[in-house]
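J.: So I've got this file, query33.cif, and it contains mmCIF, C-alpha atoms (C1' of nucleotides):
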data_my_file
loop_
_atom_site.label_atom_id
_atom_site.label_comp_id
_atom_site.auth_asym_id
_atom_site.auth_seq_id
_atom_site.Cartn_x
_atom_site.Cartn_y
_atom_site.Cartn_z
CA MET A 24 0.00 0.00 0.00
CA SER A 25 2.58 2.54 1.06
CA ASP A 26 5.03 1.90 -1.76
CA ALA A 27 2.29 1.75 -4.37
CA VAL A 28 2.11 4.74 -6.65
CA THR A 29 -1.20 6.26 -5.72
CA LYS A 30 -3.52 8.02 -8.06
CA LEU A 31 -3.02 11.36 -6.44
CA GLU A 32 0.75 11.35 -6.62
CA ARG A 33 0.92 10.34 -10.26
CA PRO A 34 -2.29 10.02 -12.17
CA ARG A 35 -0.53 9.09 -15.39
CA LEU A 36 1.27 5.79 -15.74
CA SER A 37 4.14 4.66 -17.95
CA PRO A 38 4.91 1.15 -19.23
CA GLU A 39 7.81 1.06 -16.78
CA ASP A 40 5.38 1.57 -13.91
CA TRP A 41 3.36 -1.41 -15.10
CA ALA A 42 6.47 -3.56 -15.51
CA GLN A 43 7.69 -2.71 -12.05
CA ALA A 44 4.31 -3.45 -10.52
CA ALA A 45 4.29 -6.74 -12.43
CA LEU A 46 7.63 -7.71 -10.91
CA ASP A 47 6.36 -6.83 -7.46
CA LEU A 48 3.33 -9.00 -7.96
CA ILE A 49 5.43 -11.87 -9.31
CA ALA A 50 7.73 -11.66 -6.32
CA GLU A 51 4.79 -11.79 -3.97
CA GLN A 52 2.43 -14.28 -5.57
CA GLY A 53 4.12 -15.81 -8.57
CA VAL A 54 3.72 -15.54 -12.32
CA ALA A 55 0.31 -17.21 -12.41
CA ALA A 56 -1.11 -14.47 -10.20
CA LEU A 57 -0.08 -11.82 -12.68
CA ALA A 58 -3.46 -10.71 -14.00
CA VAL A 59 -4.18 -7.49 -15.82
CA GLU A 60 -7.10 -6.44 -13.68
CA THR A 61 -5.31 -7.31 -10.47
CA LEU A 62 -2.42 -5.13 -11.47
CA ALA A 63 -4.71 -2.32 -12.56
CA LYS A 64 -6.46 -2.35 -9.21
CA ARG A 65 -3.10 -2.06 -7.49
CA LEU A 66 -2.21 0.95 -9.56
CA GLY A 67 -5.58 2.57 -8.99
CA VAL A 68 -6.78 2.34 -12.58
CA THR A 69 -8.72 -0.10 -14.74
CA LYS A 70 -7.49 -2.32 -17.50
CA GLY A 71 -8.59 0.21 -20.08
CA SER A 72 -5.38 1.95 -19.16
CA PHE A 73 -3.26 -1.17 -19.42
CA TYR A 74 -4.25 -1.96 -22.98
CA TRP A 75 -3.24 1.48 -24.08
CA HIS A 76 0.34 0.82 -22.93
CA PHE A 77 0.58 -2.86 -23.84
CA PRO A 78 -0.88 -4.98 -26.62
CA SER A 79 -1.24 -8.02 -24.38
CA ARG A 80 -0.47 -9.57 -21.02
CA ASP A 81 2.42 -11.46 -22.59
CA ALA A 82 3.95 -8.18 -23.73
CA LEU A 83 3.93 -6.97 -20.15
CA LEU A 84 5.47 -10.21 -18.93
CA THR A 85 8.16 -9.96 -21.59
CA MET A 86 9.06 -6.42 -20.65
CA ALA A 87 9.05 -7.24 -16.94
CA LEU A 88 11.33 -10.21 -17.53
CA GLU A 89 13.70 -8.14 -19.64
CA ARG A 90 13.93 -5.51 -16.96
CA TRP A 91 14.52 -8.08 -14.26
CA GLU A 92 17.19 -9.91 -16.22
CA ALA A 93 19.02 -6.66 -16.91
CA VAL A 94 18.85 -5.52 -13.31
CA GLU A 95 19.72 -8.97 -12.01
CA VAL A 96 23.12 -8.86 -13.64
CA GLU A 97 24.21 -5.74 -11.83
CA THR A 98 22.41 -6.47 -8.61
CA VAL A 99 23.59 -10.01 -7.85
CA LEU A 100 26.67 -10.91 -9.83
CA GLY A 101 27.87 -7.31 -10.18
CA PRO A 102 28.68 -6.38 -6.59
CA VAL A 103 30.00 -9.86 -5.94
CA GLU A 104 32.32 -9.76 -8.91
CA ALA A 105 34.59 -7.24 -7.26
CA ILE A 106 35.47 -9.66 -4.49
CA ALA A 107 38.59 -11.61 -5.38
CA ASP A 108 38.51 -14.36 -2.79
CA PRO A 109 35.97 -17.00 -3.84
CA ARG A 110 35.30 -17.81 -0.22
CA GLU A 111 34.17 -14.26 0.44
CA ARG A 112 32.38 -14.16 -2.90
CA LEU A 113 30.17 -17.11 -2.10
CA ARG A 114 29.54 -15.80 1.37
CA GLU A 115 28.36 -12.51 -0.10
CA LEU A 116 26.18 -14.30 -2.63
CA PHE A 117 24.39 -16.17 0.13
CA LEU A 118 24.18 -13.24 2.50
CA ARG A 119 22.57 -11.12 -0.17
CA THR A 120 19.79 -13.64 -0.28
CA SER A 121 18.63 -12.40 3.09
CA ARG A 122 19.36 -8.71 2.68
CA GLU A 123 18.13 -7.81 -0.76
CA VAL A 124 15.32 -10.35 -0.96
CA LYS A 125 13.34 -8.99 -3.89
CA SER A 126 15.48 -10.14 -6.79
CA HIS A 127 15.87 -13.61 -5.31
CA ALA A 128 12.17 -13.83 -4.61
CA ILE A 129 11.51 -13.08 -8.27
CA TYR A 130 14.05 -15.67 -9.34
CA SER A 131 12.41 -18.20 -7.06
CA ALA A 132 8.99 -17.36 -8.48
CA LEU A 133 10.30 -17.65 -12.04
CA ILE A 134 11.78 -21.07 -11.39
CA ARG A 135 8.38 -22.23 -10.26
CA ALA A 136 6.84 -20.88 -13.46
CA VAL A 137 9.43 -22.30 -15.80
CA ASP A 138 6.68 -24.14 -17.67
CA HIS A 139 5.74 -20.82 -19.22
CA ALA A 140 7.29 -20.34 -22.65
CA LEU A 141 8.29 -16.73 -21.96
CA VAL A 142 9.78 -17.47 -18.57
CA ALA A 143 11.85 -20.53 -19.45
CA PRO A 144 14.59 -18.88 -21.57
CA VAL A 145 15.12 -16.11 -19.05
CA VAL A 146 15.49 -18.49 -16.14
CA GLU A 147 17.74 -20.71 -18.19
CA ARG A 148 20.05 -17.87 -19.21
CA VAL A 149 20.33 -16.47 -15.72
CA SER A 150 20.87 -19.86 -14.14
CA ARG A 151 23.49 -20.87 -16.66
CA ARG A 152 25.30 -17.57 -16.26
CA ARG A 153 25.39 -17.89 -12.50
CA MET A 154 26.54 -21.49 -12.56
CA ASP A 155 29.29 -20.68 -15.01
CA TYR A 156 30.32 -17.87 -12.78
CA LEU A 157 30.48 -20.17 -9.81
CA MET A 158 32.43 -22.71 -11.78
CA MET A 159 35.02 -20.10 -12.73
CA ALA A 160 35.30 -19.09 -9.11
CA PHE A 161 36.07 -22.65 -8.05
CA LEU A 162 38.49 -22.91 -10.94
CA HIS A 163 40.37 -19.83 -9.80
CA ALA A 164 40.38 -21.24 -6.31
CA GLY A 165 42.61 -23.99 -7.60
CA MET A 166 40.11 -26.77 -8.27
CA PRO A 167 40.58 -29.07 -11.24
CA ARG A 168 38.06 -28.30 -13.95
CA ARG A 169 36.06 -31.51 -13.63
CA GLU A 170 35.64 -31.04 -9.91
CA ALA A 171 34.86 -27.35 -10.28
CA VAL A 172 31.94 -28.16 -12.55
CA GLN A 173 30.51 -30.64 -10.08
CA ARG A 174 31.04 -28.32 -7.15
CA ALA A 175 29.35 -25.48 -9.00
CA ARG A 176 26.37 -27.74 -9.69
CA LEU A 177 26.19 -28.74 -6.08
CA THR A 178 26.56 -25.21 -4.76
CA TYR A 179 23.99 -23.78 -7.08
CA ALA A 180 21.57 -26.60 -6.37
CA ALA A 181 21.98 -25.83 -2.68
CA TYR A 182 21.28 -22.17 -3.40
CA VAL A 183 18.16 -22.89 -5.43
CA GLY A 184 16.93 -25.44 -2.93
CA PHE A 185 17.42 -23.06 -0.06
CA LEU A 186 15.51 -20.38 -1.93
CA GLN A 187 12.58 -22.69 -2.53
CA MET A 188 12.52 -23.91 1.03
CA SER A 189 12.90 -20.57 2.77
CA LEU A 190 10.88 -18.37 0.43
CA GLN A 191 8.12 -20.74 -0.59
CA LEU A 192 8.01 -23.48 1.96
CA HIS A 193 9.09 -21.40 4.94
CA LEU A 194 10.63 -24.53 6.37
CA PRO A 195 13.75 -23.41 8.17
CA ARG A 196 12.32 -20.25 9.76
CA LEU A 197 15.83 -19.13 10.60
CA THR A 198 16.73 -16.15 12.67
CA ALA A 199 19.46 -13.81 11.54
CA GLU A 200 22.09 -15.56 13.63
CA GLU A 201 20.97 -19.03 12.57
CA PHE A 202 21.08 -17.91 8.99
CA GLU A 203 24.64 -16.62 9.27
CA ALA A 204 25.68 -19.79 11.03
CA TYR A 205 24.17 -21.79 8.19
CA VAL A 206 25.98 -19.71 5.60
CA ASP A 207 29.23 -20.24 7.45
CA HIS A 208 28.61 -23.96 7.48
CA VAL A 209 27.99 -23.88 3.74
CA ILE A 210 31.20 -21.96 3.17
CA VAL A 211 33.27 -24.36 5.21
CA THR A 212 31.71 -27.35 3.55
CA LEU A 213 31.71 -26.26 -0.07
CA ILE A 214 34.71 -23.99 -0.44
CA PRO A 215 38.13 -25.67 -0.56
CA VAL A 216 40.97 -24.38 1.54
CA MET B 29 -1.54 -43.45 -23.78
CA SER B 30 -0.15 -46.94 -23.30
CA ASP B 31 -0.35 -46.98 -19.51
CA ALA B 32 -3.72 -45.28 -19.40
CA VAL B 33 -6.63 -47.50 -18.47
CA THR B 34 -8.63 -47.59 -21.66
CA LYS B 35 -12.38 -47.73 -21.86
CA LEU B 36 -12.40 -51.20 -23.30
CA GLU B 37 -10.24 -52.77 -20.62
CA ARG B 38 -12.20 -51.32 -17.72
CA PRO B 39 -15.24 -49.24 -18.52
CA ARG B 40 -16.00 -48.60 -14.85
CA LEU B 41 -13.72 -46.37 -12.81
CA SER B 42 -13.02 -46.18 -9.10
CA PRO B 43 -11.95 -43.15 -7.04
CA GLU B 44 -8.52 -44.74 -6.81
CA ASP B 45 -8.24 -44.69 -10.59
CA TRP B 46 -8.98 -40.97 -10.59
CA ALA B 47 -6.49 -40.31 -7.82
CA GLN B 48 -3.77 -42.23 -9.61
CA ALA B 49 -4.45 -40.41 -12.87
CA ALA B 50 -4.34 -37.14 -10.94
CA LEU B 51 -0.90 -37.96 -9.59
CA ASP B 52 0.30 -38.85 -13.08
CA LEU B 53 -0.93 -35.52 -14.38
CA ILE B 54 0.65 -33.64 -11.49
CA ALA B 55 3.96 -35.36 -12.11
CA GLU B 56 3.87 -34.41 -15.76
CA GLN B 57 2.43 -30.91 -15.76
CA GLY B 58 2.06 -29.73 -12.19
CA VAL B 59 -0.83 -29.10 -9.85
CA ALA B 60 -2.21 -26.15 -11.80
CA ALA B 61 -2.75 -28.39 -14.82
CA LEU B 62 -4.94 -30.71 -12.81
CA ALA B 63 -8.32 -30.02 -14.36
CA VAL B 64 -11.34 -32.25 -14.12
CA GLU B 65 -12.14 -32.32 -17.81
CA THR B 66 -8.50 -32.90 -18.75
CA LEU B 67 -8.37 -35.89 -16.46
CA ALA B 68 -11.71 -37.19 -17.72
CA LYS B 69 -10.49 -37.04 -21.29
CA ARG B 70 -7.41 -39.06 -20.30
CA LEU B 71 -9.59 -41.73 -18.75
CA GLY B 72 -11.89 -41.82 -21.71
CA VAL B 73 -14.94 -40.47 -19.90
CA THR B 74 -16.55 -37.08 -19.23
CA LYS B 75 -16.71 -35.10 -16.05
CA GLY B 76 -20.18 -36.43 -15.41
CA SER B 77 -18.36 -39.50 -14.21
CA PHE B 78 -15.96 -37.56 -12.04
CA TYR B 79 -18.63 -35.77 -10.04
CA TRP B 80 -20.24 -39.05 -9.21
CA HIS B 81 -17.05 -40.22 -7.46
CA PHE B 82 -15.94 -36.89 -6.01
CA PRO B 83 -17.79 -33.87 -4.67
CA SER B 84 -15.17 -31.43 -5.95
CA ARG B 85 -11.77 -31.02 -7.52
CA ASP B 86 -10.29 -30.28 -4.10
CA ALA B 87 -11.56 -33.62 -2.83
CA LEU B 88 -9.67 -35.35 -5.62
CA LEU B 89 -6.54 -33.37 -4.87
CA THR B 90 -6.82 -34.23 -1.20
CA MET B 91 -7.16 -37.93 -1.88
CA ALA B 92 -4.32 -37.90 -4.39
CA LEU B 93 -2.06 -36.12 -1.92
CA GLU B 94 -2.95 -38.58 0.84
CA ARG B 95 -2.15 -41.50 -1.38
CA TRP B 96 1.14 -39.99 -2.47
CA GLU B 97 2.22 -39.16 1.06
CA ALA B 98 1.45 -42.68 2.20
CA VAL B 99 3.29 -44.28 -0.68
CA GLU B 100 6.17 -41.82 -0.44
CA VAL B 101 7.09 -43.07 3.00
CA GLU B 102 7.64 -46.63 1.88
CA THR B 103 9.01 -45.79 -1.54
CA VAL B 104 11.74 -43.30 -0.67
CA LEU B 105 12.67 -43.46 2.98
CA GLY B 106 11.64 -47.09 3.40
CA PRO B 107 14.14 -48.89 1.17
CA VAL B 108 16.86 -46.49 2.20
CA GLU B 109 16.23 -47.04 5.86
CA ALA B 110 17.65 -50.54 5.74
CA ILE B 111 21.07 -49.24 4.77
CA ALA B 112 23.19 -48.69 7.83
CA ASP B 113 26.06 -46.66 6.41
CA PRO B 114 24.94 -43.04 5.96
CA ARG B 115 27.31 -42.69 3.05
CA GLU B 116 25.55 -45.47 1.17
CA ARG B 117 22.18 -44.19 2.35
CA LEU B 118 22.62 -40.77 0.81
CA ARG B 119 24.02 -42.33 -2.33
CA GLU B 120 20.90 -44.45 -2.65
CA LEU B 121 18.66 -41.47 -1.97
CA PHE B 122 20.19 -39.56 -4.84
CA LEU B 123 20.42 -42.48 -7.19
CA ARG B 124 16.75 -43.21 -6.72
CA THR B 125 16.07 -39.78 -8.12
CA SER B 126 17.09 -41.06 -11.53
CA ARG B 127 15.67 -44.58 -11.32
CA GLU B 128 12.26 -44.19 -9.80
CA VAL B 129 11.52 -40.73 -11.09
CA LYS B 130 7.78 -40.56 -10.55
CA SER B 131 7.61 -39.91 -6.82
CA HIS B 132 10.35 -37.29 -7.00
CA ALA B 133 8.67 -35.64 -9.96
CA ILE B 134 5.50 -35.35 -7.91
CA TYR B 135 7.41 -33.93 -4.98
CA SER B 136 9.05 -31.41 -7.25
CA ALA B 137 5.68 -30.43 -8.70
CA LEU B 138 4.20 -30.09 -5.23
CA ILE B 139 6.99 -27.80 -4.10
CA ARG B 140 6.17 -25.53 -6.98
CA ALA B 141 2.52 -25.49 -5.97
CA VAL B 142 3.12 -24.91 -2.29
CA ASP B 143 1.00 -21.76 -2.49
CA HIS B 144 -2.04 -24.03 -2.57
CA ALA B 145 -3.61 -24.50 0.84
CA LEU B 146 -4.09 -28.25 0.37
CA VAL B 147 -0.59 -28.84 -0.93
CA ALA B 148 1.36 -26.87 1.65
CA PRO B 149 0.88 -29.10 4.73
CA VAL B 150 1.71 -32.26 2.78
CA VAL B 151 4.91 -30.83 1.37
CA GLU B 152 5.83 -29.46 4.75
CA ARG B 153 5.34 -32.78 6.54
CA VAL B 154 7.25 -34.77 3.96
CA SER B 155 10.10 -32.28 3.79
CA ARG B 156 10.42 -32.06 7.55
CA ARG B 157 10.34 -35.84 7.88
CA ARG B 158 13.08 -36.27 5.32
CA MET B 159 15.28 -33.56 6.77
CA ASP B 160 14.95 -35.00 10.24
CA TYR B 161 15.87 -38.36 8.82
CA LEU B 162 18.95 -36.90 7.19
CA MET B 163 19.90 -35.12 10.38
CA MET B 164 19.72 -38.36 12.34
CA ALA B 165 21.90 -40.04 9.75
CA PHE B 166 24.59 -37.38 10.14
CA LEU B 167 24.23 -37.67 13.88
CA HIS B 168 24.81 -41.40 13.79
CA ALA B 169 27.77 -40.78 11.53
CA GLY B 170 29.42 -39.05 14.45
CA MET B 171 28.65 -35.41 13.73
CA PRO B 172 27.92 -33.04 16.60
CA ARG B 173 24.23 -32.15 16.71
CA ARG B 174 24.60 -28.52 15.70
CA GLU B 175 26.64 -29.42 12.66
CA ALA B 176 24.36 -32.31 11.75
CA VAL B 177 21.39 -29.93 11.57
CA GLN B 178 23.24 -27.56 9.27
CA ARG B 179 24.55 -30.36 7.10
CA ALA B 180 21.06 -31.84 6.80
CA ARG B 181 19.75 -28.44 5.70
CA LEU B 182 22.50 -28.11 3.14
CA THR B 183 22.11 -31.65 1.83
CA TYR B 184 18.37 -31.41 1.52
CA ALA B 185 18.60 -28.00 -0.12
CA ALA B 186 20.99 -29.51 -2.65
CA TYR B 187 18.55 -32.33 -3.24
CA VAL B 188 15.58 -30.00 -3.73
CA GLY B 189 17.60 -27.66 -5.92
CA PHE B 190 18.82 -30.49 -8.07
CA LEU B 191 15.26 -31.72 -8.50
CA GLN B 192 14.07 -28.31 -9.61
CA MET B 193 16.95 -27.85 -12.00
CA SER B 194 16.91 -31.26 -13.59
CA LEU B 195 13.18 -31.95 -13.66
CA GLN B 196 11.83 -28.48 -14.28
CA LEU B 197 14.64 -26.43 -15.70
CA HIS B 198 16.39 -29.26 -17.54
CA LEU B 199 19.63 -27.44 -16.96
CA PRO B 200 22.23 -30.12 -16.35
CA ARG B 201 21.09 -32.61 -19.00
CA LEU B 202 23.32 -35.21 -17.47
CA THR B 203 23.98 -38.63 -18.88
CA ALA B 204 23.89 -41.65 -16.62
CA GLU B 205 27.63 -41.58 -16.08
CA GLU B 206 27.72 -37.84 -15.46
CA PHE B 207 24.90 -38.25 -12.99
CA GLU B 208 26.71 -40.94 -11.05
CA ALA B 209 29.87 -38.88 -11.06
CA TYR B 210 27.90 -35.97 -9.68
CA VAL B 211 26.39 -38.12 -6.96
CA ASP B 212 29.84 -39.36 -6.04
CA HIS B 213 31.04 -35.80 -5.81
CA VAL B 214 28.12 -34.94 -3.56
CA ILE B 215 28.88 -37.91 -1.33
CA VAL B 216 32.53 -37.03 -1.00
CA THR B 217 31.73 -33.39 -0.32
CA LEU B 218 28.84 -33.73 2.10
CA ILE B 219 29.46 -36.97 3.97
CA PRO B 220 32.17 -36.91 6.63
CA VAL B 221 34.77 -39.64 6.77
"C1'" DA C 24 -11.45 28.84 -28.14
"C1'" DC C 25 -10.49 24.83 -30.37
"C1'" DA C 26 -8.30 20.77 -31.90
"C1'" DT C 27 -5.35 17.05 -31.04
"C1'" DG C 28 -3.00 13.61 -28.55
"C1'" DT C 29 -2.61 10.96 -24.35
"C1'" DC C 30 -4.32 8.28 -20.87
"C1'" DA C 31 -8.28 6.14 -18.60
"C1'" DA C 32 -13.39 4.23 -17.72
"C1'" DT C 33 -17.06 1.38 -19.23
"C1'" DA C 34 -19.25 -2.09 -21.61
"C1'" DC C 35 -19.04 -6.11 -24.12
"C1'" DG C 36 -17.74 -10.73 -26.25
"C1'" DG C 37 -15.33 -15.06 -25.70
"C1'" DG C 38 -12.97 -19.03 -23.73
"C1'" DG C 39 -11.84 -22.13 -20.06
"C1'" DG C 40 -12.68 -24.33 -15.80
"C1'" DC C 41 -15.86 -25.62 -11.86
"C1'" DG C 42 -20.02 -27.41 -10.38
"C1'" DT C 43 -25.23 -28.84 -11.08
"C1'" DA C 44 -29.19 -31.02 -13.08
"C1'" DT C 45 -31.03 -34.38 -15.47
"C1'" DG C 46 -31.34 -37.99 -18.59
"C1'" DG C 47 -29.30 -42.47 -20.33
"C1'" DT C 48 -27.28 -47.41 -20.08
"C1'" DG C 49 -25.92 -51.87 -18.78
"C1'" DG C 50 -25.56 -55.65 -15.59
"C1'" DG C 51 -27.01 -58.14 -11.41
"C1'" DG C 52 -30.68 -59.43 -8.09
"C1'" DA C 53 -36.01 -60.02 -6.92
"C1'" DT D 10 -38.37 -60.67 -16.87
"C1'" DC D 11 -37.99 -56.44 -14.96
"C1'" DC D 12 -36.24 -53.26 -12.03
"C1'" DC D 13 -32.74 -50.84 -9.80
"C1'" DC D 14 -28.57 -48.79 -9.06
"C1'" DA D 15 -23.97 -47.74 -10.11
"C1'" DC D 16 -21.80 -45.24 -13.50
"C1'" DC D 17 -21.59 -42.11 -17.29
"C1'" DA D 18 -23.22 -38.42 -20.98
"C1'" DT D 19 -25.16 -33.96 -22.04
"C1'" DA D 20 -26.46 -29.50 -21.29
"C1'" DC D 21 -26.39 -25.60 -18.73
"C1'" DG D 22 -25.09 -21.60 -15.52
"C1'" DC D 23 -21.48 -19.27 -13.34
"C1'" DC D 24 -17.12 -16.95 -12.58
"C1'" DC D 25 -12.67 -15.37 -13.83
"C1'" DC D 26 -9.65 -13.53 -17.00
"C1'" DC D 27 -8.20 -11.92 -21.62
"C1'" DG D 28 -8.83 -8.74 -25.21
"C1'" DT D 29 -11.76 -5.13 -28.02
"C1'" DA D 30 -14.54 -1.12 -28.87
"C1'" DT D 31 -16.21 2.96 -27.66
"C1'" DT D 32 -16.51 6.97 -25.14
"C1'" DG D 33 -14.66 10.34 -21.81
"C1'" DA D 34 -11.37 13.58 -19.46
"C1'" DC D 35 -7.50 16.49 -19.37
"C1'" DA D 36 -3.48 18.90 -21.01
"C1'" DT D 37 -1.11 21.31 -24.43
"C1'" DG D 38 -0.14 23.82 -28.59
"C1'" DT D 39 -2.08 27.06 -31.95
#
Using structure tokens, write down the structure from this file.
T.:
Amino acid sequence: MSDAVTKLERPRLSPEDWAQAALDLIAEQGVAALAVETLAKRLGVTKGSFYWHFPSRDALLTMALERWEAVEVETVLGPVEAIADPRERLRELFLRTSREVKSHAIYSALIRAVDHALVAPVVERVSRRRMDYLMMAFLHAGMPRREAVQRARLTYAAYVGFLQMSLQLHLPRLTAEEFEAYVDHVIVTLIPV
Amino acid sequence: MSDAVTKLERPRLSPEDWAQAALDLIAEQGVAALAVETLAKRLGVTKGSFYWHFPSRDALLTMALERWEAVEVETVLGPVEAIADPRERLRELFLRTSREVKSHAIYSALIRAVDHALVAPVVERVSRRRMDYLMMAFLHAGMPRREAVQRARLTYAAYVGFLQMSLQLHLPRLTAEEFEAYVDHVIVTLIPV
DNA sequence: ACATGTCAATACGGGGGCGTATGGTGGGGA
DNA sequence: TCCCCACCATACGCCCCCGTATTGACATGT
């Protein structure tokens, strides 16, 4: 409610506003919940407005996905890239999961909607990029290539699994300290000395 | 088509037949794709038949979930339970993901549909049961309790993540040998000596 | 003042999925 | 034989959501 752009503040909407609201909705309730009228209600208008900006719901989804994928690069891998030590890099990657939740929540929602033809390629590109990145990190840490590939698989699987369990299933219900302890355990277990 | 109970073989259907067909559909296309008329078409009847056996779609889902949860116990944890060595136990757990795919495919589909009020408690119970089981295994392997909990979290997250990636995202595309090599890597990395 | 372009409201049609009502059919017991 | 009941078909109403068509409001330039 508070972060929603109200009618009084900005009566006129841009496609970017719609795309951003779409990403918010996806992060909260998943891709399936992304309905035109639902979104319109959130923005304080009706769908008559939406179909002036977009030809279809798919067009909105496409634009939202493009925006997310572009932002994702500089919001997840970007800040982490500066860190030389792979140990610290992985730690940061996991810690950011708790801090800046939004992007990871969207990623988690997109994985669950990977059946969708528009979603699949985006998720696949992002996932592949991240896994390659991880693999390179293990490689630079001195691992043989074959092992680095496996370790990257394992690490990324653990990341994805943790996302699903904590964001969707709410299984762990970790406190901040428990979470950091878990991350430390992951580091010790998965990163070679 | 081939495994579907055709009209000629058995013109009369039981609730169990519907529940089984529902699980098949869930495994293939997810919970959202579970529609009454879709299922009826698969079984060679119309929904007039369905609503004689079940009062609603939710009733079918409930029964299907109950059946799966009951079978899951003796199909996943059961055979593994006999194995004493936790190293071999985890190996079997992962290897069964490739052999007997169905139950894991359903679990993966259910995780994705955990928004649903009927699905959530089932997934939560099964997940918790499995993680506890893993934790006990690490405990018996000589790990201190605190570490065993973390390691169980990590291992199960890796399992869930791998399921999502291989079954839904089709990312790894591993051959049988690659898969076994990956499992070996997971064993070596996650199981203490 | 008027016209034009931009954004939005309203009304409508259509498809898909759930659930209901009611009629039909075939096999086993009185 | 005939009836009955378990099982299934057909037809319908409803709701949700997508997309279209039409009209309306407001701002700006001329």
J.: List the residues selected by the PyMOL selection byres ((chain D and resi 32) around 9) in the file shown, writing them as an MDAnalysis selection string.
T.: (chainID C and resid 32:33) or (chainID D and resid 31 33)
J.: Report as a PDB file with C-alpha atoms, in the coordinates of the input the residues that result from applying the PyMOL selection byres ((chain A) within 10 of (chain B)) to the structure here.
T.:
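Result file part_19.pdb:
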ATOM      1  CA  GLN A  52       2.430 -14.280  -5.570  1.00  0.00           C
ATOM      2  CA  GLY A  53       4.120 -15.810  -8.570  1.00  0.00           C
ATOM      3  CA  ALA A  55       0.310 -17.210 -12.410  1.00  0.00           C
ATOM      4  CA  SER A 131      12.410 -18.200  -7.060  1.00  0.00           C
ATOM      5  CA  ALA A 132       8.990 -17.360  -8.480  1.00  0.00           C
ATOM      6  CA  ILE A 134      11.780 -21.070 -11.390  1.00  0.00           C
ATOM      7  CA  ARG A 135       8.380 -22.230 -10.260  1.00  0.00           C
ATOM      8  CA  ALA A 136       6.840 -20.880 -13.460  1.00  0.00           C
ATOM      9  CA  VAL A 137       9.430 -22.300 -15.800  1.00  0.00           C
ATOM     10  CA  ASP A 138       6.680 -24.140 -17.670  1.00  0.00           C
ATOM     11  CA  ALA A 143      11.850 -20.530 -19.450  1.00  0.00           C
ATOM     12  CA  PRO A 144      14.590 -18.880 -21.570  1.00  0.00           C
ATOM     13  CA  VAL A 146      15.490 -18.490 -16.140  1.00  0.00           C
ATOM     14  CA  GLU A 147      17.740 -20.710 -18.190  1.00  0.00           C
ATOM     15  CA  ARG A 148      20.050 -17.870 -19.210  1.00  0.00           C
ATOM     16  CA  SER A 150      20.870 -19.860 -14.140  1.00  0.00           C
ATOM     17  CA  ARG A 151      23.490 -20.870 -16.660  1.00  0.00           C
ATOM     18  CA  ARG A 169      36.060 -31.510 -13.630  1.00  0.00           C
ATOM     19  CA  GLU A 170      35.640 -31.040  -9.910  1.00  0.00           C
ATOM     20  CA  VAL A 172      31.940 -28.160 -12.550  1.00  0.00           C
ATOM     21  CA  GLN A 173      30.510 -30.640 -10.080  1.00  0.00           C
ATOM     22  CA  ARG A 174      31.040 -28.320  -7.150  1.00  0.00           C
ATOM     23  CA  ARG A 176      26.370 -27.740  -9.690  1.00  0.00           C
ATOM     24  CA  LEU A 177      26.190 -28.740  -6.080  1.00  0.00           C
ATOM     25  CA  THR A 178      26.560 -25.210  -4.760  1.00  0.00           C
ATOM     26  CA  TYR A 179      23.990 -23.780  -7.080  1.00  0.00           C
ATOM     27  CA  ALA A 180      21.570 -26.600  -6.370  1.00  0.00           C
ATOM     28  CA  ALA A 181      21.980 -25.830  -2.680  1.00  0.00           C
ATOM     29  CA  TYR A 182      21.280 -22.170  -3.400  1.00  0.00           C
ATOM     30  CA  VAL A 183      18.160 -22.890  -5.430  1.00  0.00           C
ATOM     31  CA  GLY A 184      16.930 -25.440  -2.930  1.00  0.00           C
ATOM     32  CA  PHE A 185      17.420 -23.060  -0.060  1.00  0.00           C
ATOM     33  CA  LEU A 186      15.510 -20.380  -1.930  1.00  0.00           C
ATOM     34  CA  GLN A 187      12.580 -22.690  -2.530  1.00  0.00           C
ATOM     35  CA  MET A 188      12.520 -23.910   1.030  1.00  0.00           C
ATOM     36  CA  SER A 189      12.900 -20.570   2.770  1.00  0.00           C
ATOM     37  CA  GLN A 191       8.120 -20.740  -0.590  1.00  0.00           C
ATOM     38  CA  LEU A 192       8.010 -23.480   1.960  1.00  0.00           C
ATOM     39  CA  HIS A 193       9.090 -21.400   4.940  1.00  0.00           C
ATOM     40  CA  LEU A 194      10.630 -24.530   6.370  1.00  0.00           C
ATOM     41  CA  PRO A 195      13.750 -23.410   8.170  1.00  0.00           C
ATOM     42  CA  GLU A 201      20.970 -19.030  12.570  1.00  0.00           C
ATOM     43  CA  PHE A 202      21.080 -17.910   8.990  1.00  0.00           C
ATOM     44  CA  ALA A 204      25.680 -19.790  11.030  1.00  0.00           C
ATOM     45  CA  TYR A 205      24.170 -21.790   8.190  1.00  0.00           C
ATOM     46  CA  VAL A 206      25.980 -19.710   5.600  1.00  0.00           C
ATOM     47  CA  ASP A 207      29.230 -20.240   7.450  1.00  0.00           C
ATOM     48  CA  HIS A 208      28.610 -23.960   7.480  1.00  0.00           C
ATOM     49  CA  VAL A 209      27.990 -23.880   3.740  1.00  0.00           C
ATOM     50  CA  THR A 212      31.710 -27.350   3.550  1.00  0.00           C
ATOM     51  CA  LEU A 213      31.710 -26.260  -0.070  1.00  0.00           C
ATOM     52  CA  ILE A 214      34.710 -23.990  -0.440  1.00  0.00           C
TER      53      ILE A 214
END
J.: What does the PyMOL selection byres ((chain D) within 10 of (chain A)) select in this file, as a PyMOL selection string?
T.: chain D and resi 26-29
